[in-house]
$ cat input.pdb   # PDB, C-alpha atoms, pLDDT in the B column
ATOM      1  CA  MET W  23    -207.976-178.528 -80.797  1.00 89.00           C
ATOM      2  CA  LYS W  24    -207.640-180.919 -77.931  1.00 92.00           C
ATOM      3  CA  THR W  25    -207.938-179.683 -74.333  1.00 93.00           C
ATOM      4  CA  CYS W  26    -206.053-181.830 -71.876  1.00 93.00           C
ATOM      5  CA  SER W  27    -203.995-181.930 -68.724  1.00 95.00           C
ATOM      6  CA  LEU W  28    -200.216-181.710 -68.856  1.00 93.00           C
ATOM      7  CA  ASN W  29    -199.846-185.399 -67.976  1.00 94.00           C
ATOM      8  CA  ASP W  30    -202.350-186.450 -70.658  1.00 95.00           C
ATOM      9  CA  PHE W  31    -200.543-184.314 -73.252  1.00 95.00           C
ATOM     10  CA  LEU W  32    -197.138-185.747 -72.397  1.00 94.00           C
ATOM     11  CA  GLU W  33    -198.486-189.308 -72.518  1.00 95.00           C
ATOM     12  CA  SER W  34    -200.208-188.758 -75.874  1.00 93.00           C
ATOM     13  CA  VAL W  35    -197.097-187.353 -77.597  1.00 93.00           C
ATOM     14  CA  LYS W  36    -194.549-189.607 -75.899  1.00 92.00           C
ATOM     15  CA  PRO W  37    -194.349-192.139 -78.785  1.00 92.00           C
ATOM     16  CA  TRP W  38    -193.813-189.314 -81.308  1.00 91.00           C
ATOM     17  CA  LEU W  39    -191.118-187.265 -79.520  1.00 91.00           C
ATOM     18  CA  SER W  40    -188.565-187.312 -82.283  1.00 90.00           C
ATOM     19  CA  ASP W  41    -187.716-185.176 -85.283  1.00 89.00           C
ATOM     20  CA  GLU W  42    -188.566-188.269 -87.341  1.00 94.00           C
ATOM     21  CA  TYR W  43    -192.246-187.633 -86.518  1.00 95.00           C
ATOM     22  CA  ILE W  44    -192.571-184.023 -85.377  1.00 96.00           C
ATOM     23  CA  ARG W  45    -191.298-181.372 -87.784  1.00 95.00           C
ATOM     24  CA  SER W  46    -191.818-178.423 -85.444  1.00 97.00           C
ATOM     25  CA  VAL W  47    -193.655-177.066 -82.420  1.00 97.00           C
ATOM     26  CA  HIS W  48    -194.752-173.554 -81.591  1.00 96.00           C
ATOM     27  CA  LEU W  49    -197.043-171.583 -79.315  1.00 95.00           C
ATOM     28  CA  ASP W  50    -199.879-169.739 -80.968  1.00 94.00           C
ATOM     29  CA  GLU W  51    -201.315-166.400 -79.867  1.00 93.00           C
ATOM     30  CA  ASN W  52    -203.504-168.180 -77.270  1.00 91.00           C
ATOM     31  CA  GLU W  53    -200.501-170.023 -75.778  1.00 91.00           C
ATOM     32  CA  ASP W  54    -201.699-173.333 -77.194  1.00 94.00           C
ATOM     33  CA  LEU W  55    -199.096-175.803 -78.443  1.00 95.00           C
ATOM     34  CA  ILE W  56    -199.177-176.505 -82.163  1.00 97.00           C
ATOM     35  CA  LEU W  57    -197.378-179.655 -83.295  1.00 97.00           C
ATOM     36  CA  GLU W  58    -196.577-180.015 -86.987  1.00 97.00           C
ATOM     37  CA  PHE W  59    -195.845-183.596 -87.964  1.00 96.00           C
ATOM     38  CA  THR W  60    -193.622-184.706 -90.825  1.00 95.00           C
ATOM     39  CA  ASP W  61    -196.650-186.075 -92.711  1.00 96.00           C
ATOM     40  CA  GLY W  62    -198.207-182.585 -92.826  1.00 96.00           C
ATOM     41  CA  VAL W  63    -200.718-183.059 -90.006  1.00 96.00           C
ATOM     42  CA  LYS W  64    -201.019-180.248 -87.434  1.00 96.00           C
ATOM     43  CA  ASN W  65    -202.445-180.822 -83.964  1.00 96.00           C
ATOM     44  CA  ALA W  66    -203.311-178.087 -81.474  1.00 96.00           C
ATOM     45  CA  TYR W  67    -203.291-178.698 -77.730  1.00 96.00           C
ATOM     46  CA  HIS W  68    -204.685-176.466 -75.008  1.00 96.00           C
ATOM     47  CA  ILE W  69    -203.070-177.618 -71.770  1.00 95.00           C
ATOM     48  CA  GLU W  70    -205.368-176.465 -69.015  1.00 93.00           C
ATOM     49  CA  ASP W  71    -203.454-177.233 -65.831  1.00 94.00           C
ATOM     50  CA  CYS W  72    -200.106-175.485 -66.329  1.00 91.00           C
ATOM     51  CA  ASP W  73    -198.725-172.014 -66.869  1.00 92.00           C
ATOM     52  CA  LEU W  74    -196.579-170.450 -69.606  1.00 91.00           C
ATOM     53  CA  TYR W  75    -193.365-171.234 -67.729  1.00 93.00           C
ATOM     54  CA  GLN W  76    -194.206-174.951 -67.694  1.00 94.00           C
ATOM     55  CA  ILE W  77    -195.111-174.889 -71.382  1.00 93.00           C
ATOM     56  CA  LYS W  78    -191.768-173.271 -72.196  1.00 92.00           C
ATOM     57  CA  GLU W  79    -190.059-176.028 -70.208  1.00 94.00           C
ATOM     58  CA  ILE W  80    -191.848-178.575 -72.408  1.00 93.00           C
ATOM     59  CA  LEU W  81    -190.588-176.741 -75.496  1.00 94.00           C
ATOM     60  CA  MET W  82    -187.020-176.908 -74.189  1.00 95.00           C
ATOM     61  CA  ASP W  83    -187.384-180.663 -73.655  1.00 94.00           C
ATOM     62  CA  PHE W  84    -188.656-181.021 -77.235  1.00 95.00           C
ATOM     63  CA  LYS W  85    -185.669-179.022 -78.488  1.00 95.00           C
ATOM     64  CA  LYS W  86    -183.295-181.364 -76.646  1.00 94.00           C
ATOM     65  CA  LYS W  87    -184.874-184.230 -78.604  1.00 92.00           C
ATOM     66  CA  GLY W  88    -184.009-182.479 -81.883  1.00 94.00           C
ATOM     67  CA  ILE W  89    -187.465-181.061 -82.606  1.00 96.00           C
ATOM     68  CA  THR W  90    -187.523-177.584 -84.165  1.00 96.00           C
ATOM     69  CA  ILE W  91    -189.144-174.915 -82.006  1.00 97.00           C
ATOM     70  CA  LYS W  92    -190.648-172.056 -83.996  1.00 94.00           C
ATOM     71  CA  GLN W  93    -190.957-168.605 -82.476  1.00 81.00           C
TER      72      GLN W  93
END

$ encode --input "input.pdb" --output "structure tokens"
Amino acid sequence: MKTCSLNDFLESVKPWLSDEYIRSVHLDENEDLILEFTDGVKNAYHIEDCDLYQIKEILMDFKKKGITIKQ
């Protein structure tokens, strides 16, 4: 798992924000973001400088880009 700031997270995933690269995204029980890529790789991110509301906003932005959001 990678711990990072919101800005660092957004910068690191920016090139991959497409359903061509990211199969799905979900929050785990610790409210960490889990990204599942189309090649089978899963990455976990603990974003330390934002709250659950901001994380849900990120998920909505991902959904707008065609990425599946798992519940």

$ residues_around --input "input.pdb" --residues "range 71-83 of chain W" --least-positions-apart "6" --cutoff "8 Å" --atoms "all atoms listed in the file" --output "list in words"
Ser27, Leu28, Val47, Glu53 and Ile91 of chain W

$ closest_residue --input "input.pdb" --among "W:Glu33, W:His68, W:Leu39, W:Phe84" --to "Asn52 in chain W" --atoms "only C-alpha atoms"
W:His68

$ atom_distance --input "input.pdb" --atom1 "CA of Lys87 in chain W" --atom2 "CA of Glu70 in chain W"
23.9 Å

$ residues_around --input "input.pdb" --residues "Trp38 in chain W" --least-positions-apart "6" --cutoff "12 Å" --atoms "all atoms listed in the file" --output "PDB file with C-alpha atoms, in the coordinates of the input"
ATOM      1  CA  PHE W  31    -200.543-184.314 -73.252  1.00 95.00           C
ATOM      2  CA  LEU W  32    -197.138-185.747 -72.397  1.00 94.00           C
ATOM      3  CA  ILE W  44    -192.571-184.023 -85.377  1.00 96.00           C
ATOM      4  CA  ARG W  45    -191.298-181.372 -87.784  1.00 95.00           C
ATOM      5  CA  SER W  46    -191.818-178.423 -85.444  1.00 97.00           C
ATOM      6  CA  LEU W  57    -197.378-179.655 -83.295  1.00 97.00           C
ATOM      7  CA  GLU W  58    -196.577-180.015 -86.987  1.00 97.00           C
ATOM      8  CA  PHE W  59    -195.845-183.596 -87.964  1.00 96.00           C
ATOM      9  CA  THR W  60    -193.622-184.706 -90.825  1.00 95.00           C
ATOM     10  CA  PHE W  84    -188.656-181.021 -77.235  1.00 95.00           C
ATOM     11  CA  LYS W  87    -184.874-184.230 -78.604  1.00 92.00           C
ATOM     12  CA  GLY W  88    -184.009-182.479 -81.883  1.00 94.00           C
ATOM     13  CA  ILE W  89    -187.465-181.061 -82.606  1.00 96.00           C
TER      14      ILE W  89
END

$ atom_distance --input "input.pdb" --atom1 "CA of Met23 in chain W" --atom2 "CA of Ile69 in chain W"
10.3 Å

$ decode --input "input.pdb" --residues "range 29-85 of chain W" --atoms "C-alpha atoms" --output "CSV table (one decimal), in the first residue's frame"
chain,number,residue,atom,x,y,z
W,29,ASN,CA,-2.4,15.7,-4.9
W,30,ASP,CA,0.3,13.0,-5.2
W,31,PHE,CA,-2.3,10.4,-5.7
W,32,LEU,CA,-4.1,12.3,-8.5
W,33,GLU,CA,-0.8,13.0,-10.2
W,34,SER,CA,0.3,9.4,-10.1
W,35,VAL,CA,-2.9,8.0,-11.6
W,36,LYS,CA,-3.5,10.8,-14.1
W,37,PRO,CA,-1.9,9.0,-17.0
W,38,TRP,CA,-4.1,5.9,-16.3
W,39,LEU,CA,-7.5,7.5,-15.8
W,40,SER,CA,-9.3,5.5,-18.4
W,41,ASP,CA,-11.3,2.2,-18.5
W,42,GLU,CA,-8.6,1.1,-21.0
W,43,TYR,CA,-6.2,0.9,-18.0
W,44,ILE,CA,-8.2,0.7,-14.8
W,45,ARG,CA,-10.8,-2.1,-14.6
W,46,SER,CA,-12.4,-0.9,-11.4
W,47,VAL,CA,-11.9,1.1,-8.2
W,48,HIS,CA,-13.3,0.5,-4.7
W,49,LEU,CA,-12.9,1.5,-1.1
W,50,ASP,CA,-11.8,-1.2,1.3
W,51,GLU,CA,-12.9,-1.5,4.9
W,52,ASN,CA,-10.1,1.0,6.0
W,53,GLU,CA,-11.3,3.6,3.4
W,54,ASP,CA,-8.3,3.1,1.3
W,55,LEU,CA,-8.7,3.2,-2.5
W,56,ILE,CA,-8.0,0.0,-4.4
W,57,LEU,CA,-7.4,0.3,-8.1
W,58,GLU,CA,-7.6,-2.9,-10.2
W,59,PHE,CA,-5.9,-2.5,-13.5
W,60,THR,CA,-6.8,-4.3,-16.7
W,61,ASP,CA,-3.5,-6.3,-16.6
W,62,GLY,CA,-4.5,-7.8,-13.2
W,63,VAL,CA,-2.4,-5.6,-11.0
W,64,LYS,CA,-4.0,-4.1,-7.9
W,65,ASN,CA,-2.7,-1.0,-6.1
W,66,ALA,CA,-3.9,0.2,-2.7
W,67,TYR,CA,-3.6,3.9,-1.8
W,68,HIS,CA,-4.1,5.4,1.7
W,69,ILE,CA,-4.7,9.1,1.1
W,70,GLU,CA,-3.7,10.8,4.3
W,71,ASP,CA,-4.8,14.4,3.8
W,72,CYS,CA,-8.5,14.1,2.8
W,73,ASP,CA,-11.8,12.9,4.3
W,74,LEU,CA,-14.3,10.3,3.1
W,75,TYR,CA,-16.4,13.0,1.3
W,76,GLN,CA,-13.4,14.0,-0.8
W,77,ILE,CA,-12.6,10.3,-1.6
W,78,LYS,CA,-16.2,9.8,-2.8
W,79,GLU,CA,-15.8,12.8,-5.0
W,80,ILE,CA,-12.7,11.2,-6.6
W,81,LEU,CA,-14.7,8.1,-7.2
W,82,MET,CA,-17.4,10.1,-8.9
W,83,ASP,CA,-14.8,11.7,-11.2
W,84,PHE,CA,-13.5,8.2,-12.0
W,85,LYS,CA,-17.0,7.0,-12.9
